[in-house]
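Next comes query03.cif, a file with mmCIF, C-alpha atoms.
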```
data_my_file
loop_
_atom_site.label_atom_id
_atom_site.label_comp_id
_atom_site.auth_asym_id
_atom_site.auth_seq_id
_atom_site.Cartn_x
_atom_site.Cartn_y
_atom_site.Cartn_z
CA MET A 1 30.47 117.24 32.72
CA LEU A 2 33.46 118.80 30.96
CA ASP A 3 33.07 122.02 32.94
CA ASN A 4 33.06 120.03 36.18
CA MET A 5 36.22 118.20 35.12
CA LYS A 6 37.88 121.50 34.22
CA ASP A 7 36.90 123.03 37.57
CA LEU A 8 38.21 119.99 39.41
CA LYS A 9 41.51 120.19 37.55
CA GLU A 10 41.87 123.88 38.45
CA ILE A 11 41.08 123.16 42.11
CA ASN A 12 43.70 120.39 42.19
CA GLU A 13 46.30 122.67 40.58
CA LYS A 14 45.60 125.43 43.11
CA THR A 15 45.77 122.90 45.96
CA ASP A 16 49.11 121.60 44.71
CA LYS A 17 50.51 125.15 44.48
CA LEU A 18 49.35 125.95 48.01
CA LYS A 19 50.88 122.72 49.30
CA ILE A 20 54.21 123.52 47.64
CA LYS A 21 54.10 127.04 49.07
CA TYR A 22 53.35 125.70 52.56
CA ASP A 23 56.10 123.08 52.33
CA ASN A 24 58.61 125.71 51.16
CA LYS A 25 57.70 127.97 54.06
CA ARG A 26 57.99 125.08 56.51
CA LYS A 27 61.43 124.14 55.15
CA GLY A 28 62.58 127.77 55.12
CA TYR A 29 63.01 127.60 51.36
CA GLY A 30 62.77 130.72 49.20
CA THR A 31 62.23 130.04 45.51
CA ARG A 32 64.22 133.15 44.52
CA CYS A 33 66.82 132.93 47.27
CA LYS A 34 70.33 132.27 45.90
CA VAL A 35 71.40 130.62 49.15
CA CYS A 36 68.36 128.31 49.34
CA ASN A 37 68.98 127.25 45.73
CA SER A 38 72.71 126.76 46.21
CA SER A 39 74.19 123.28 46.48
CA LYS A 40 76.30 124.71 49.32
CA CYS A 41 73.34 125.91 51.39
CA ASP A 42 74.01 123.47 54.25
CA GLU A 43 77.70 124.38 54.30
CA ILE A 44 76.84 128.09 54.37
CA GLU A 45 74.50 127.61 57.33
CA ASP A 46 77.02 125.41 59.15
CA LEU A 47 79.75 128.03 58.82
CA ARG A 48 77.41 130.79 59.98
CA GLU A 49 76.54 128.71 63.06
CA LYS A 50 80.28 128.49 63.77
CA GLY A 51 80.47 132.27 63.81
CA TYR A 52 81.82 132.97 60.33
CA SER A 53 81.11 136.44 58.91
CA TYR A 54 79.40 136.75 55.51
CA SER A 55 82.65 137.82 53.86
CA LYS A 56 84.52 134.89 55.40
CA ILE A 57 81.82 132.44 54.26
CA ILE A 58 82.13 133.73 50.68
CA LYS A 59 85.91 133.39 50.81
CA GLU A 60 85.87 129.96 52.47
CA LEU A 61 83.38 128.44 49.99
CA LYS A 62 84.64 130.38 46.94
CA LEU A 63 81.27 132.07 46.36
CA LYS A 64 82.57 135.35 44.95
CA ASP A 65 80.46 136.47 41.94
CA VAL A 66 77.97 133.70 42.84
CA ILE A 67 76.38 134.79 46.12
CA SER A 68 76.71 138.27 47.58
CA GLN A 69 76.83 139.34 51.22
CA MET A 70 73.39 140.90 50.69
CA SER A 71 72.00 137.53 49.55
CA LEU A 72 73.47 135.87 52.64
CA SER A 73 71.98 138.57 54.86
CA ARG A 74 68.51 138.13 53.34
CA HIS A 75 68.70 134.35 53.71
CA PHE A 76 69.63 134.49 57.39
CA THR A 77 67.03 137.18 58.04
CA PHE A 78 64.05 135.57 56.30
CA HIS A 79 64.75 131.84 55.74
CA TYR A 80 67.35 130.49 58.14
CA LYS A 81 65.12 130.35 61.24
CA ASP A 82 62.57 128.10 59.52
CA SER A 83 65.32 126.11 57.81
CA LYS A 84 66.97 125.34 61.15
CA LYS A 85 63.65 124.35 62.74
CA TYR A 86 62.88 122.01 59.85
CA LYS A 87 66.32 120.38 60.04
CA GLU A 88 65.90 119.82 63.78
CA TYR A 89 62.43 118.37 63.20
CA LYS A 90 63.74 116.08 60.45
CA ALA A 91 66.65 114.97 62.64
CA LEU A 92 64.21 114.11 65.45
CA LEU A 93 62.06 112.06 63.07
CA GLU A 94 65.16 110.23 61.83
CA GLU A 95 66.28 109.51 65.38
CA LYS A 96 62.86 108.05 66.25
CA ALA A 97 62.83 106.02 63.04
CA ILE A 98 66.32 104.67 63.78
CA LEU A 99 65.26 103.55 67.26
CA LYS A 100 62.14 101.95 65.79
CA ALA A 101 64.18 100.18 63.10
CA ILE A 102 66.64 98.84 65.69
CA GLU A 103 63.77 97.66 67.90
CA TYR A 104 62.20 95.85 64.94
CA TYR A 105 65.46 94.38 63.64
CA PRO A 106 68.39 94.62 66.13
CA PRO A 107 71.12 93.45 63.66
CA ILE A 108 70.69 96.74 61.77
CA LYS A 109 72.07 98.77 64.70
CA PRO A 110 75.78 98.72 63.66
CA TYR A 111 74.87 100.17 60.27
CA PHE A 112 73.59 103.30 62.00
CA MET A 113 76.07 103.44 64.86
CA GLU A 114 79.37 102.66 63.14
CA ASP A 115 81.08 104.43 60.25
CA TYR A 116 78.54 103.69 57.51
CA GLU A 117 78.52 107.35 56.43
CA ASP A 118 75.92 107.17 53.68
CA PHE A 119 73.74 104.47 55.21
CA THR A 120 71.31 106.70 57.14
CA GLU A 121 70.80 109.15 54.28
CA THR A 122 70.24 106.35 51.76
CA PHE A 123 67.95 104.40 54.11
CA PHE A 124 65.71 107.42 54.75
CA ASN A 125 65.57 108.78 51.21
CA HIS A 126 66.25 106.02 48.70
CA TYR A 127 66.51 102.30 49.53
CA GLY A 128 65.12 99.94 52.14
CA PHE A 129 67.07 97.24 54.00
CA CYS A 130 67.08 93.55 53.05
CA THR A 131 67.59 91.19 55.98
CA MET A 132 68.92 88.40 53.79
CA ASN A 133 71.96 90.11 52.31
CA GLN A 134 72.18 92.71 55.08
CA TYR A 135 72.33 95.64 52.68
CA LEU A 136 70.22 98.40 51.15
CA CYS A 137 68.20 97.29 48.14
CA HIS A 138 66.53 99.50 45.51
CA ILE A 139 63.57 97.12 45.30
CA ILE A 140 62.59 97.84 48.91
CA PRO A 141 60.95 101.22 49.70
CA GLU A 142 62.94 103.71 51.80
CA LYS A 143 62.71 103.40 55.59
CA LYS A 144 61.50 99.79 55.26
CA ILE A 145 63.17 96.66 56.67
CA MET A 146 61.94 93.57 54.85
CA TYR A 147 62.57 89.84 54.92
CA PRO A 148 63.10 88.20 51.51
CA GLU A 149 59.83 86.26 51.56
CA GLU A 150 58.00 89.51 52.33
CA VAL A 151 59.71 91.25 49.42
CA LEU A 152 58.64 88.50 47.02
CA SER A 153 55.08 88.59 48.32
CA LYS A 154 54.83 92.38 47.92
CA LEU A 155 56.25 92.23 44.40
CA GLU A 156 53.75 89.56 43.36
CA GLU A 157 50.92 91.64 44.83
CA LYS A 158 52.14 94.66 42.88
CA ILE A 159 52.27 92.73 39.61
CA ASN A 160 48.75 91.36 40.12
CA SER A 161 47.40 94.81 40.98
CA TYR A 162 48.09 96.06 37.44
CA ASP A 163 45.82 95.42 34.51
CA TYR A 164 47.13 92.83 32.03
CA HIS A 165 47.34 95.56 29.39
CA ASP A 166 49.63 97.64 31.58
CA THR A 167 52.71 95.85 30.30
CA ILE A 168 55.19 98.57 31.29
CA ASN A 169 54.48 98.37 35.03
CA ARG A 170 53.97 94.61 35.00
CA LEU A 171 57.34 94.08 33.28
CA LYS A 172 59.02 96.50 35.68
CA PHE A 173 57.93 94.56 38.75
CA MET A 174 58.51 91.20 37.08
CA GLU A 175 62.12 92.30 36.54
CA HIS A 176 62.30 93.21 40.24
CA LEU A 177 60.83 89.82 41.14
CA ASN A 178 63.34 87.99 38.97
CA SER A 179 66.17 90.08 40.43
CA CYS A 180 65.03 89.21 43.96
CA TYR A 181 64.86 85.48 43.16
CA ASN A 182 68.36 85.54 41.64
CA CYS A 183 69.72 87.47 44.61
CA GLN A 184 68.26 84.99 47.08
CA PHE A 185 69.57 82.04 45.09
CA MET A 186 73.10 83.49 44.94
CA ASN A 187 73.00 84.25 48.65
CA MET A 188 71.92 80.71 49.54
CA GLN A 189 74.57 79.28 47.23
CA ALA A 190 77.26 81.43 48.82
CA ASN A 191 76.14 80.36 52.30
CA TYR A 192 76.11 76.72 51.23
CA ASN A 193 79.62 76.99 49.77
CA THR A 194 80.92 78.63 52.95
CA LEU A 195 79.39 75.98 55.21
CA PHE A 196 80.70 73.21 52.99
CA GLU A 197 84.22 74.69 53.13
CA ILE A 198 84.02 74.81 56.95
CA VAL A 199 82.94 71.16 57.11
CA LEU A 200 85.73 70.11 54.75
CA LYS A 201 88.25 72.08 56.78
CA GLN A 202 87.17 70.25 59.95
CA LEU A 203 87.26 66.83 58.27
CA PHE A 204 90.55 67.13 56.40
CA ASP A 205 92.34 69.83 58.38
CA LYS A 206 93.11 71.72 55.17
CA ASP A 207 91.56 74.50 53.13
CA PHE A 208 89.53 73.72 50.02
CA ASP A 209 88.82 76.17 47.23
CA TYR A 210 85.18 75.35 46.56
CA GLU A 211 85.03 77.21 43.25
CA LYS A 212 88.23 75.68 41.86
CA GLU A 213 88.15 72.17 43.31
CA ILE A 214 84.57 71.19 44.14
CA THR A 215 82.38 73.03 41.61
CA PRO A 216 84.27 71.78 38.48
CA LEU A 217 84.18 68.23 39.89
CA LEU A 218 80.41 68.39 40.38
CA ILE A 219 79.70 69.90 36.97
CA ASP A 220 82.22 67.93 34.88
CA GLU A 221 81.11 64.62 36.39
CA ASP A 222 77.41 65.53 36.24
CA TYR A 223 77.04 65.29 40.03
CA ASN A 224 78.19 61.65 40.08
CA LYS A 225 78.18 60.57 43.75
CA GLU A 226 80.69 57.78 43.23
CA VAL A 227 83.24 60.15 41.69
CA LEU A 228 82.73 62.60 44.54
CA ILE A 229 83.14 59.86 47.18
CA ASN A 230 86.37 58.66 45.55
CA PHE A 231 87.69 62.22 45.45
CA PHE A 232 87.18 62.64 49.20
CA LYS A 233 88.57 59.17 49.95
CA LYS A 234 91.83 60.18 48.24
CA LYS A 235 91.86 63.39 50.23
CA ALA A 236 91.32 61.41 53.43
CA LYS A 237 94.23 59.09 52.64
CA SER A 238 96.55 62.01 51.91
CA LYS A 239 95.67 63.68 55.26
#
```
Reformat the file's structure so that it appears as structure tokens.
Amino acid sequence: MLDNMKDLKEINEKTDKLKIKYDNKRKGYGTRCKVCNSSKCDEIEDLREKGYSYSKIIKELKLKDVISQMSLSRHFTFHYKDSKKYKEYKALLEEKAILKAIEYYPPIKPYFMEDYEDFTETFFNHYGFCTMNQYLCHIIPEKKIMYPEEVLSKLEEKINSYDYHDTINRLKFMEHLNSCYNCQFMNMQANYNTLFEIVLKQLFDKDFDYEKEITPLLIDEDYNKEVLINFFKKKAKSK
């Protein structure tokens, strides 16, 4: 039994190494390539596409004593072709996903089409989009667009999927659940306050500061309807 487990572990390790090797080849990534491992790899490739010489690239990006012309030459000879293909493939996938996201939820379109510079990168690689607050949320998986009730349902499912003794994961998703509830409550409260201010504006033809005028009145008077009615009667008389 132990030998079988050991063999299985070795097979899995070999499979993982082969997968990494295949992925690296597909992406045009060389593990020992200084350009591939540079944080300025994309900038280097962009400048080369614009016709910059190797020496000019080094000067432009201040790469002297970091990356040599020989390293640049090797990268563009052995890795760049695959790197470019992978970037084009990834861009095509992103374009299809954007169209699909817009078809599923049309209000998201401006976030992709206007000047939300980091939105696309964050949406595809980090956070999903919440329809309630109209922003990217870390609780939602990347490339997902979710309604608040769906988020809550998924979080509850996740919590229940863990064993009761798995307190770390259960607590993690309970914190997410609590965060989602609080977020929804604050959003509804903000919407309520805004609508109430609009109604008051129409009734009294003047602006009200909900937080300064209405909220203290409600709390201090313990939501006494009579006090509230008298407050608005005075406002009506002073109109």
Matched chain/residue IDs from the PyMOL selection byres ((chain A and resi 196) around 12), as a tab-separated table (two decimals) with C-alpha atoms, keeping the file's coordinate frame:
```tsv
chain	number	residue	atom	x	y	z
A	189	GLN	CA	74.57	79.28	47.23
A	190	ALA	CA	77.26	81.43	48.82
A	191	ASN	CA	76.14	80.36	52.30
A	192	TYR	CA	76.11	76.72	51.23
A	193	ASN	CA	79.62	76.99	49.77
A	194	THR	CA	80.92	78.63	52.95
A	195	LEU	CA	79.39	75.98	55.21
A	197	GLU	CA	84.22	74.69	53.13
A	198	ILE	CA	84.02	74.81	56.95
A	199	VAL	CA	82.94	71.16	57.11
A	200	LEU	CA	85.73	70.11	54.75
A	201	LYS	CA	88.25	72.08	56.78
A	202	GLN	CA	87.17	70.25	59.95
A	203	LEU	CA	87.26	66.83	58.27
A	207	ASP	CA	91.56	74.50	53.13
A	208	PHE	CA	89.53	73.72	50.02
A	209	ASP	CA	88.82	76.17	47.23
A	210	TYR	CA	85.18	75.35	46.56
A	211	GLU	CA	85.03	77.21	43.25
A	214	ILE	CA	84.57	71.19	44.14
A	215	THR	CA	82.38	73.03	41.61
```
Requested in this report: Could you check how far CA of Leu63 in chain A sits from CA of Phe76 in chain A, in Å to one decimal?
Outcome: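 A separation of 16.2 Å between them.
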Requested in this report: I would like the residues chosen by the PyMOL selection byres ((chain A and resi 148) around 12) on the shown file; could you give them as a ChimeraX atom specification?
Outcome: /A:128-135,137,139-140,145-147,149-155,177,179-185,187-188
Selection near Glu45 in chain A, 10 Å with only C-alpha atoms, sequence-local residues under 2 positions removed, as an mmCIF file with C-alpha atoms, keeping the file's coordinate frame:
```cif
data_model
loop_
_atom_site.group_PDB
_atom_site.id
_atom_site.type_symbol
_atom_site.label_atom_id
_atom_site.label_comp_id
_atom_site.auth_asym_id
_atom_site.auth_seq_id
_atom_site.Cartn_x
_atom_site.Cartn_y
_atom_site.Cartn_z
ATOM 1 C CA VAL A 35 71.400 130.620 49.150
ATOM 2 C CA LYS A 40 76.300 124.710 49.320
ATOM 3 C CA CYS A 41 73.340 125.910 51.390
ATOM 4 C CA ASP A 42 74.010 123.470 54.250
ATOM 5 C CA GLU A 43 77.700 124.380 54.300
ATOM 6 C CA LEU A 47 79.750 128.030 58.820
ATOM 7 C CA ARG A 48 77.410 130.790 59.980
ATOM 8 C CA GLU A 49 76.540 128.710 63.060
ATOM 9 C CA LYS A 50 80.280 128.490 63.770
ATOM 10 C CA GLY A 51 80.470 132.270 63.810
ATOM 11 C CA TYR A 52 81.820 132.970 60.330
ATOM 12 C CA ILE A 57 81.820 132.440 54.260
ATOM 13 C CA LEU A 72 73.470 135.870 52.640
ATOM 14 C CA HIS A 75 68.700 134.350 53.710
ATOM 15 C CA PHE A 76 69.630 134.490 57.390
ATOM 16 C CA TYR A 80 67.350 130.490 58.140
ATOM 17 C CA SER A 83 65.320 126.110 57.810
ATOM 18 C CA LYS A 84 66.970 125.340 61.150
#
```
Query raised in the report: CA of Lys25 in chain A and CA of His79 in chain A, how far apart in Å?
Result: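 Computing the Euclidean distance for CA of His79 in chain A and CA of Lys25 in chain A yields 8.2 Å.
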Report task. Name all residues at most 8 Å from Glu94 in chain A (count all atoms listed in the file; drop same-chain ones fewer than 4 positions away) and give them as number ranges by chain. Result -> A: 90, 98, 124
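Minimum atom-to-atom distances from A:Ala97, A:Ile20, A:Leu218, A:Leu136 to Tyr111 in chain A were compared using only C-alpha atoms, and the lowest value belongs to A:Leu136.
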Query raised in the report: For Lys34 in chain A, which residue out of A:Leu18, A:Val66, A:Leu217, A:Ala91 is the nearest one, using all atoms listed in the file?
Result: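 Nearest candidate to Lys34 in chain A out of A:Leu18, A:Val66, A:Leu217, A:Ala91: A:Val66.
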Report task. Calculate how many Å separate CA of Phe112 in chain A from CA of Leu99 in chain A, rounding to one decimal. Result ->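 Result for CA of Phe112 in chain A versus CA of Leu99 in chain A: 9.9 Å, one decimal.
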